[in-house]
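As provided, query_38.txt (compact mmCIF, C-alpha atoms) reads as follows.
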```
# COMPACT_ATOMS: atom_id res chain seq x y z
CA LEU C 29 0.00 0.00 0.00
CA ILE C 30 2.86 2.38 0.79
CA VAL C 31 4.45 1.79 -2.60
CA MET C 32 1.13 2.36 -4.38
CA LEU C 33 0.53 5.61 -2.50
CA ILE C 34 4.01 6.77 -3.47
CA GLY C 35 3.25 5.93 -7.10
CA VAL C 36 0.04 7.97 -6.98
CA LEU C 37 1.81 10.90 -5.31
CA PHE C 38 4.57 10.80 -7.91
CA GLU C 39 1.99 10.77 -10.71
CA GLN C 40 0.38 13.83 -9.13
CA PHE C 41 3.75 15.59 -9.08
CA ARG C 42 4.26 14.70 -12.72
CA ARG C 43 0.86 15.98 -13.82
CA ALA C 44 1.29 19.16 -11.78
CA GLY C 45 4.53 19.89 -13.64
CA VAL C 46 6.62 19.77 -10.46
CA ILE C 47 9.00 17.14 -11.86
CA ALA C 48 9.96 19.47 -14.71
CA ALA C 49 9.82 22.69 -12.69
CA LEU C 50 12.53 21.88 -10.17
CA PRO C 51 15.22 21.09 -12.76
CA ARG C 52 14.39 24.40 -14.45
CA ARG C 53 14.91 26.15 -11.12
CA PHE C 54 18.37 24.62 -10.78
CA GLU C 55 19.48 24.64 -14.41
CA GLY C 56 21.20 28.00 -14.09
CA ALA C 57 23.33 26.79 -11.18
CA ALA C 58 23.87 23.26 -12.52
CA ARG C 59 25.45 23.90 -15.88
CA THR C 60 28.59 21.88 -15.24
CA ALA C 61 28.97 18.20 -14.45
CA ARG C 62 30.25 19.04 -10.98
CA SER C 63 27.31 21.27 -10.09
CA ALA C 64 24.84 18.71 -11.49
CA ARG C 65 26.42 15.98 -9.36
CA LEU C 66 26.29 18.19 -6.27
CA THR C 67 22.62 18.95 -6.93
CA ALA C 68 21.86 15.23 -7.08
CA PHE C 69 23.84 14.69 -3.90
CA GLY C 70 22.03 17.54 -2.13
CA LEU C 71 18.56 16.26 -3.02
CA GLY C 72 19.54 12.78 -1.89
CA VAL C 73 20.56 14.16 1.49
CA LEU C 74 17.53 16.41 1.95
CA ILE C 75 14.75 13.94 1.12
CA VAL C 76 14.61 11.35 3.87
CA ASP C 77 12.17 8.59 2.90
CA ASP C 78 13.66 5.33 1.68
CA TYR C 79 10.92 4.71 -0.92
CA PHE C 80 10.24 8.27 -1.98
CA SER C 81 13.74 9.73 -2.13
CA PRO C 82 15.27 7.72 -5.01
CA LEU C 83 12.15 8.02 -7.16
CA LEU C 84 11.68 11.76 -6.71
CA GLY C 85 15.38 12.63 -6.59
CA GLY C 86 16.13 10.66 -9.74
CA ALA C 87 13.30 12.18 -11.74
CA MET C 88 14.23 15.71 -10.70
CA THR C 89 17.98 15.51 -11.20
CA ARG C 90 18.12 13.33 -14.31
CA PRO C 91 17.49 16.23 -16.74
CA LEU C 92 20.34 18.17 -15.11
CA THR C 93 22.84 15.30 -15.09
CA ASP C 94 21.88 14.25 -18.61
CA ALA C 95 22.48 17.78 -19.92
CA ALA C 96 25.84 17.88 -18.13
CA ARG C 97 26.86 14.45 -19.50
CA VAL C 98 26.97 12.71 -16.16
CA SER C 99 26.56 8.96 -16.62
CA ARG C 100 23.48 7.23 -15.30
CA GLU C 101 25.79 4.97 -13.29
CA LYS C 102 27.14 8.01 -11.45
CA LEU C 103 23.66 9.39 -10.81
CA ALA C 104 22.48 6.02 -9.50
CA PHE C 105 25.45 5.82 -7.13
CA LEU C 106 24.94 9.32 -5.77
CA LEU C 107 21.24 8.76 -5.14
CA ASP C 108 21.63 5.31 -3.60
CA ALA C 109 24.58 6.32 -1.43
CA THR C 110 22.67 9.27 -0.01
CA THR C 111 19.01 8.25 0.16
CA ALA C 112 19.62 4.82 1.69
CA SER C 113 22.20 6.06 4.17
CA ILE C 114 20.30 9.16 5.28
CA CYS C 115 17.22 7.01 5.99
CA VAL C 116 19.31 4.95 8.41
CA LEU C 117 20.78 8.06 10.04
CA PHE C 118 17.42 9.83 10.37
CA PRO C 119 15.51 8.08 13.19
CA PHE C 120 12.13 9.79 12.68
CA ALA C 121 11.00 7.82 9.62
CA ALA C 122 9.99 4.30 8.66
CA TRP C 123 13.49 2.88 8.93
CA GLY C 124 13.95 4.50 12.33
CA ALA C 125 10.84 2.75 13.62
CA TYR C 126 11.97 -0.56 12.14
CA LEU C 127 15.43 -0.31 13.68
CA SER C 128 13.95 0.70 17.03
CA ALA C 129 11.70 -2.35 16.89
CA LEU C 130 14.73 -4.56 16.24
CA VAL C 131 16.50 -3.05 19.26
CA LEU C 132 13.42 -3.55 21.44
CA ALA C 133 13.12 -7.19 20.34
CA GLN C 134 16.54 -7.93 21.81
CA GLY C 135 15.20 -7.33 25.32
CA GLY C 136 17.75 -6.82 28.09
CA PRO C 137 17.87 -3.29 29.51
CA VAL C 138 15.68 -1.94 26.68
CA ALA C 139 12.24 -2.16 28.24
CA ASP C 140 10.06 -0.05 25.96
CA ALA C 141 9.91 1.77 22.62
CA ASP C 142 11.17 5.05 24.10
CA ALA C 143 14.28 3.36 25.47
CA ALA C 144 14.85 1.64 22.11
CA LEU C 145 14.61 4.96 20.28
CA ARG C 146 17.00 6.65 22.72
CA LEU C 147 19.49 3.83 22.25
CA LEU C 148 19.15 4.07 18.47
CA VAL C 149 19.77 7.82 18.52
CA ALA C 150 22.78 7.38 20.80
CA SER C 151 24.23 4.78 18.43
CA LEU C 152 23.98 6.94 15.30
CA PRO C 153 27.53 8.42 15.62
CA TRP C 154 28.81 4.84 15.48
CA ASN C 155 27.03 4.02 12.23
CA LEU C 156 30.33 4.49 10.46
CA TYR C 157 29.38 2.88 7.16
CA ALA C 158 26.36 5.13 6.57
CA ILE C 159 28.28 8.25 7.61
CA GLY C 160 31.30 7.23 5.58
CA ILE C 161 29.41 6.50 2.37
CA VAL C 162 27.57 9.85 2.56
CA LEU C 163 30.89 11.67 2.99
CA PHE C 164 32.45 9.61 0.19
CA ALA C 165 29.53 10.37 -2.13
CA GLY C 166 29.79 14.08 -1.37
CA ALA C 167 33.52 14.09 -2.03
CA SER C 168 32.97 12.14 -5.24
CA ALA C 169 30.26 14.55 -6.40
CA ALA C 170 32.56 17.50 -5.72
CA GLY C 171 35.35 15.82 -7.68
CA TRP C 172 37.67 15.58 -4.68
CA ILE C 173 37.88 11.80 -5.08
CA PRO C 174 38.65 10.63 -8.62
CA ASP C 175 36.53 7.94 -10.23
CA TYR C 176 38.12 4.55 -10.73
CA GLY C 177 37.29 1.18 -12.24
CA PRO C 178 33.97 0.80 -14.07
CA MET C 179 32.74 4.18 -12.81
CA ARG C 180 35.72 5.91 -14.40
CA ALA C 181 34.97 4.17 -17.71
CA ALA C 182 31.28 5.14 -17.46
CA GLU C 183 32.07 8.79 -16.80
CA ARG C 184 34.59 8.89 -19.66
CA ARG C 185 32.02 7.34 -22.00
CA ALA C 186 29.36 9.90 -21.05
CA ARG C 187 31.75 12.84 -21.18
CA GLU C 188 33.38 11.99 -24.50
CA THR C 189 30.51 10.44 -26.47
CA GLY C 190 27.37 11.69 -24.71
CA GLN C 191 26.24 8.08 -24.24
CA LEU C 192 24.68 8.19 -20.79
CA LEU C 193 23.77 4.51 -20.59
CA ARG C 194 26.15 1.63 -21.13
CA GLU C 195 25.67 -0.36 -24.30
CA GLY C 196 22.86 -2.84 -23.92
CA ALA C 197 21.43 -1.17 -20.80
CA ARG C 198 17.64 -1.10 -20.56
CA PRO C 199 16.25 1.36 -18.00
CA LEU C 200 13.23 0.08 -16.12
CA ARG C 201 11.35 3.09 -17.41
CA GLU C 202 11.98 6.63 -18.55
CA ILE C 203 9.82 9.18 -16.73
CA GLU C 204 8.60 12.11 -18.75
CA ASP C 205 6.22 14.95 -18.04
CA ALA C 206 2.57 14.26 -18.63
CA PRO C 207 1.35 15.69 -21.96
CA ASP C 208 -1.05 17.96 -20.09
CA ALA C 209 1.32 18.86 -17.26
CA ALA C 210 0.97 22.35 -15.91
CA VAL C 211 3.73 24.93 -16.14
CA VAL C 212 4.73 25.54 -12.54
CA ASP C 213 6.31 28.81 -11.44
CA ALA C 214 8.43 29.22 -8.33
CA ALA C 215 5.49 30.36 -6.18
CA ARG C 216 3.62 27.13 -6.82
CA LEU C 217 6.49 24.84 -5.85
CA ALA C 218 5.67 25.38 -2.17
CA PRO C 219 2.09 24.00 -2.13
CA GLU C 220 2.75 21.33 -4.76
CA LEU C 221 6.16 20.04 -3.69
CA ALA C 222 7.33 21.38 -0.34
CA ALA C 223 3.95 20.96 1.39
CA PRO C 224 3.44 17.25 0.51
CA VAL C 225 7.02 16.40 1.49
CA ALA C 226 6.58 18.32 4.76
CA ILE C 227 3.32 16.47 5.43
CA VAL C 228 5.03 13.10 5.00
CA VAL C 229 7.94 14.00 7.28
CA ALA C 230 5.73 15.71 9.90
CA ILE C 231 3.24 12.85 10.25
CA ALA C 232 5.93 10.15 10.24
CA ALA C 233 8.13 11.98 12.75
CA GLY C 234 5.18 13.12 14.86
CA GLY C 235 3.82 9.61 15.17
CA LEU C 236 7.19 8.28 16.23
CA ILE C 237 7.64 11.01 18.84
CA LEU C 238 4.10 10.84 20.25
CA ASP C 239 3.38 7.12 20.37
CA GLY C 240 6.47 5.35 19.09
CA SER C 241 5.02 4.30 15.72
CA VAL C 242 5.77 5.71 12.29
CA ARG C 243 2.46 6.27 10.54
CA ILE C 244 3.96 6.06 7.08
CA VAL C 245 0.76 4.92 5.34
CA GLU C 246 -1.16 7.79 6.93
CA ALA C 247 1.66 10.18 5.99
CA PHE C 248 1.60 9.36 2.29
CA GLY C 249 -2.19 9.10 2.29
CA ALA C 250 -2.44 12.63 3.68
CA ALA C 251 0.03 13.91 1.07
CA VAL C 252 -1.99 12.30 -1.74
CA LEU C 253 -5.21 13.86 -0.42
CA TRP C 254 -3.45 17.24 -0.19
CA MET C 255 -2.37 17.04 -3.83
CA PHE C 256 -5.87 16.05 -4.93
CA ALA C 257 -7.27 19.03 -3.01
CA VAL C 258 -4.75 21.42 -4.60
CA ALA C 259 -5.53 20.02 -8.06
CA ALA C 260 -9.27 20.43 -7.46
CA VAL C 261 -8.87 24.03 -6.27
CA ARG C 262 -6.78 24.81 -9.36
CA ARG C 263 -9.34 23.06 -11.56
CA ARG C 264 -7.01 20.38 -12.90
CA LEU C 265 -9.47 17.68 -11.81
CA ASP C 266 -13.06 18.00 -12.97
CA SER C 267 -14.47 14.55 -12.23
CA VAL C 268 -14.07 11.36 -10.25
CA ALA C 269 -13.04 9.66 -13.49
CA GLU C 270 -9.97 11.88 -13.72
CA ILE C 271 -9.03 11.02 -10.14
CA ALA C 272 -9.34 7.34 -11.03
CA VAL C 273 -7.03 7.83 -14.01
CA VAL C 274 -4.37 9.44 -11.81
CA ILE C 275 -4.59 6.59 -9.29
CA GLU C 276 -4.50 3.95 -12.03
CA GLN C 277 -1.44 5.45 -13.72
CA GLY C 278 0.36 5.93 -10.41
CA VAL C 279 -0.14 2.29 -9.45
CA LYS C 280 0.98 1.15 -12.91
CA ASP C 281 4.21 3.11 -12.53
CA VAL C 282 5.23 1.22 -9.39
CA VAL C 283 4.29 -2.30 -10.54
CA PRO C 284 8.00 -3.19 -11.06
CA ALA C 285 8.76 -2.06 -7.50
CA LEU C 286 5.80 -4.06 -6.19
CA LEU C 287 7.12 -7.15 -7.96
CA VAL C 288 10.53 -6.66 -6.36
CA VAL C 289 8.93 -6.32 -2.91
CA ALA C 290 6.74 -9.39 -3.48
CA LEU C 291 9.74 -11.46 -4.60
CA ALA C 292 11.72 -10.26 -1.57
CA TYR C 293 8.95 -11.40 0.79
CA ALA C 294 8.72 -14.72 -1.05
CA LEU C 295 12.48 -15.24 -0.78
CA ASN C 296 12.37 -14.38 2.93
CA ALA C 297 9.56 -16.89 3.49
CA VAL C 298 11.47 -19.62 1.66
CA ALA C 299 14.67 -18.86 3.58
CA ALA C 300 12.80 -19.01 6.91
CA GLU C 301 11.52 -22.55 6.24
```
Using structure tokens, write down the structure that the file contains.
Amino acid sequence: LIVMLIGVLFEQFRRAGVIAALPRRFEGAARTARSARLTAFGLGVLIVDDYFSPLLGGAMTRPLTDAARVSREKLAFLLDATTASICVLFPFAAWGAYLSALVLAQGGPVADADAALRLLVASLPWNLYAIGIVLFAGASAAGWIPDYGPMRAAERRARETGQLLREGARPLREIEDAPDAAVVDAARLAPELAAPVAIVVAIAAGGLILDGSVRIVEAFGAAVLWMFAVAAVRRRLDSVAEIAVVIEQGVKDVVPALLVVALAYALNAVAAE
């Protein structure tokens, strides 16, 4: 359900023109490969949901990195190294609740969810891998650490030939703006991008602080409802049928991710037998 809600929210962003608007906001400052890489790194650090961050960050930074001839391999590394690691280092989200539950399950001196969360927060400075990979990714994006191995070959290929994907590569899908996407100015980025992201973070973090549970489904559900309300006020949705189309397309977009999750659960079940 979480993945489907994310798909619907992403489809709403796409139809609202937000996906195209943010790259246009940054295109003046991200004209070089280095600035495009740093933009991708920055978005990966700022967006803190493990499902949402790679999808949204990739769609928003891909036009910038493509124009600057940054290989897709490099973009994938920067997004994965930041979004996955920041989720582990940020305790007030879904992964924070999961890790706290694992700590609580060990028993011993950890008697309740509050104690588990306090222990998790106290242990964050010792999560050296997550901290190290974020620092490494930042240094790599800034060009302070040279590329090597296959990444060096990928970056040379993109820089010299403009071929962003390796030969034979087949992206899962290429995300483009909807044909009827709105043209979003800077003033509209707040209600149609910043507000939904803030809603997700606020509800997830608030639930964890107040009762020890991350209400991630409620968080994304509220963000989806917010976007539908904004679209209705701005007369981009005129009927229930149009809402159904948005939901249908959003769910279709995340079918590959749902298959991966289903196979992961199946593999876990088989391994547990």
Quick one: distance from CA of Trp172 in chain C to CA of Gly86 in chain C in Å, one decimal? 22.7 Å
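Closest approach to Thr67 in chain C among C:Leu37, C:Gly160, C:Gly166, C:Ile114: C:Gly166, based on all atoms listed in the file.
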Using all atoms listed in the file, which of C:Leu106, C:Ala169, C:Met179, C:Val46 sits nearest Leu66 in chain C? C:Ala169
Pick from C:Ala257, C:Val273, C:Ile231, C:Leu193 nearest to Ala181 in chain C, counting only C-alpha atoms: C:Leu193
As a list in words, please: the residues near Ala129 in chain C (cut-off 9 Å, all atoms listed in the file, same-chain neighbours under 6 positions excluded). Ala141, Ala144 and Leu145 of chain C
Where atoms are absent from range 125-139 of chain C, fill them in so it carries N, CA, C and O atoms, then output it as an mmCIF file, in the coordinates of the input.
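File written: result-v5.cif
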```
data_model
loop_
_atom_site.group_PDB
_atom_site.id
_atom_site.type_symbol
_atom_site.label_atom_id
_atom_site.label_comp_id
_atom_site.auth_asym_id
_atom_site.auth_seq_id
_atom_site.Cartn_x
_atom_site.Cartn_y
_atom_site.Cartn_z
ATOM 1 N N ALA C 125 11.762 3.584 12.849
ATOM 2 C CA ALA C 125 10.840 2.750 13.620
ATOM 3 C C ALA C 125 11.205 1.277 13.521
ATOM 4 O O ALA C 125 11.140 0.534 14.510
ATOM 5 N N TYR C 126 11.597 0.852 12.326
ATOM 6 C CA TYR C 126 11.970 -0.560 12.140
ATOM 7 C C TYR C 126 13.203 -0.910 12.960
ATOM 8 O O TYR C 126 13.239 -1.944 13.654
ATOM 9 N N LEU C 127 14.215 -0.050 12.921
ATOM 10 C CA LEU C 127 15.430 -0.310 13.680
ATOM 11 C C LEU C 127 15.165 -0.263 15.184
ATOM 12 O O LEU C 127 15.722 -1.068 15.943
ATOM 13 N N SER C 128 14.310 0.652 15.621
ATOM 14 C CA SER C 128 13.950 0.700 17.030
ATOM 15 C C SER C 128 13.250 -0.585 17.460
ATOM 16 O O SER C 128 13.490 -1.103 18.564
ATOM 17 N N ALA C 129 12.390 -1.101 16.586
ATOM 18 C CA ALA C 129 11.700 -2.350 16.890
ATOM 19 C C ALA C 129 12.683 -3.510 17.010
ATOM 20 O O ALA C 129 12.533 -4.391 17.873
ATOM 21 N N LEU C 130 13.712 -3.516 16.153
ATOM 22 C CA LEU C 130 14.730 -4.560 16.240
ATOM 23 C C LEU C 130 15.490 -4.468 17.565
ATOM 24 O O LEU C 130 15.787 -5.484 18.203
ATOM 25 N N VAL C 131 15.805 -3.242 17.979
ATOM 26 C CA VAL C 131 16.500 -3.050 19.260
ATOM 27 C C VAL C 131 15.625 -3.523 20.411
ATOM 28 O O VAL C 131 16.083 -4.225 21.321
ATOM 29 N N LEU C 132 14.339 -3.160 20.374
ATOM 30 C CA LEU C 132 13.420 -3.550 21.440
ATOM 31 C C LEU C 132 13.268 -5.063 21.517
ATOM 32 O O LEU C 132 13.150 -5.638 22.610
ATOM 33 N N ALA C 133 13.295 -5.737 20.361
ATOM 34 C CA ALA C 133 13.120 -7.190 20.340
ATOM 35 C C ALA C 133 14.267 -7.929 21.017
ATOM 36 O O ALA C 133 14.110 -9.094 21.401
ATOM 37 N N GLN C 134 15.401 -7.273 21.178
ATOM 38 C CA GLN C 134 16.540 -7.930 21.810
ATOM 39 C C GLN C 134 16.374 -8.045 23.327
ATOM 40 O O GLN C 134 17.079 -8.814 23.982
ATOM 41 N N GLY C 135 15.448 -7.260 23.889
ATOM 42 C CA GLY C 135 15.200 -7.330 25.320
ATOM 43 C C GLY C 135 16.328 -6.716 26.127
ATOM 44 O O GLY C 135 16.895 -5.690 25.743
ATOM 45 N N GLY C 136 16.692 -7.344 27.236
ATOM 46 C CA GLY C 136 17.750 -6.820 28.090
ATOM 47 C C GLY C 136 17.320 -5.530 28.760
ATOM 48 O O GLY C 136 16.177 -5.403 29.218
ATOM 49 N N PRO C 137 18.213 -4.550 28.821
ATOM 50 C CA PRO C 137 17.870 -3.290 29.510
ATOM 51 C C PRO C 137 16.891 -2.418 28.748
ATOM 52 O O PRO C 137 16.385 -1.440 29.293
ATOM 53 N N VAL C 138 16.623 -2.739 27.480
ATOM 54 C CA VAL C 138 15.680 -1.940 26.680
ATOM 55 C C VAL C 138 14.278 -2.454 26.969
ATOM 56 O O VAL C 138 13.864 -3.508 26.475
ATOM 57 N N ALA C 139 13.527 -1.671 27.754
ATOM 58 C CA ALA C 139 12.240 -2.160 28.240
ATOM 59 C C ALA C 139 11.045 -1.684 27.432
ATOM 60 O O ALA C 139 9.984 -2.299 27.467
#
```
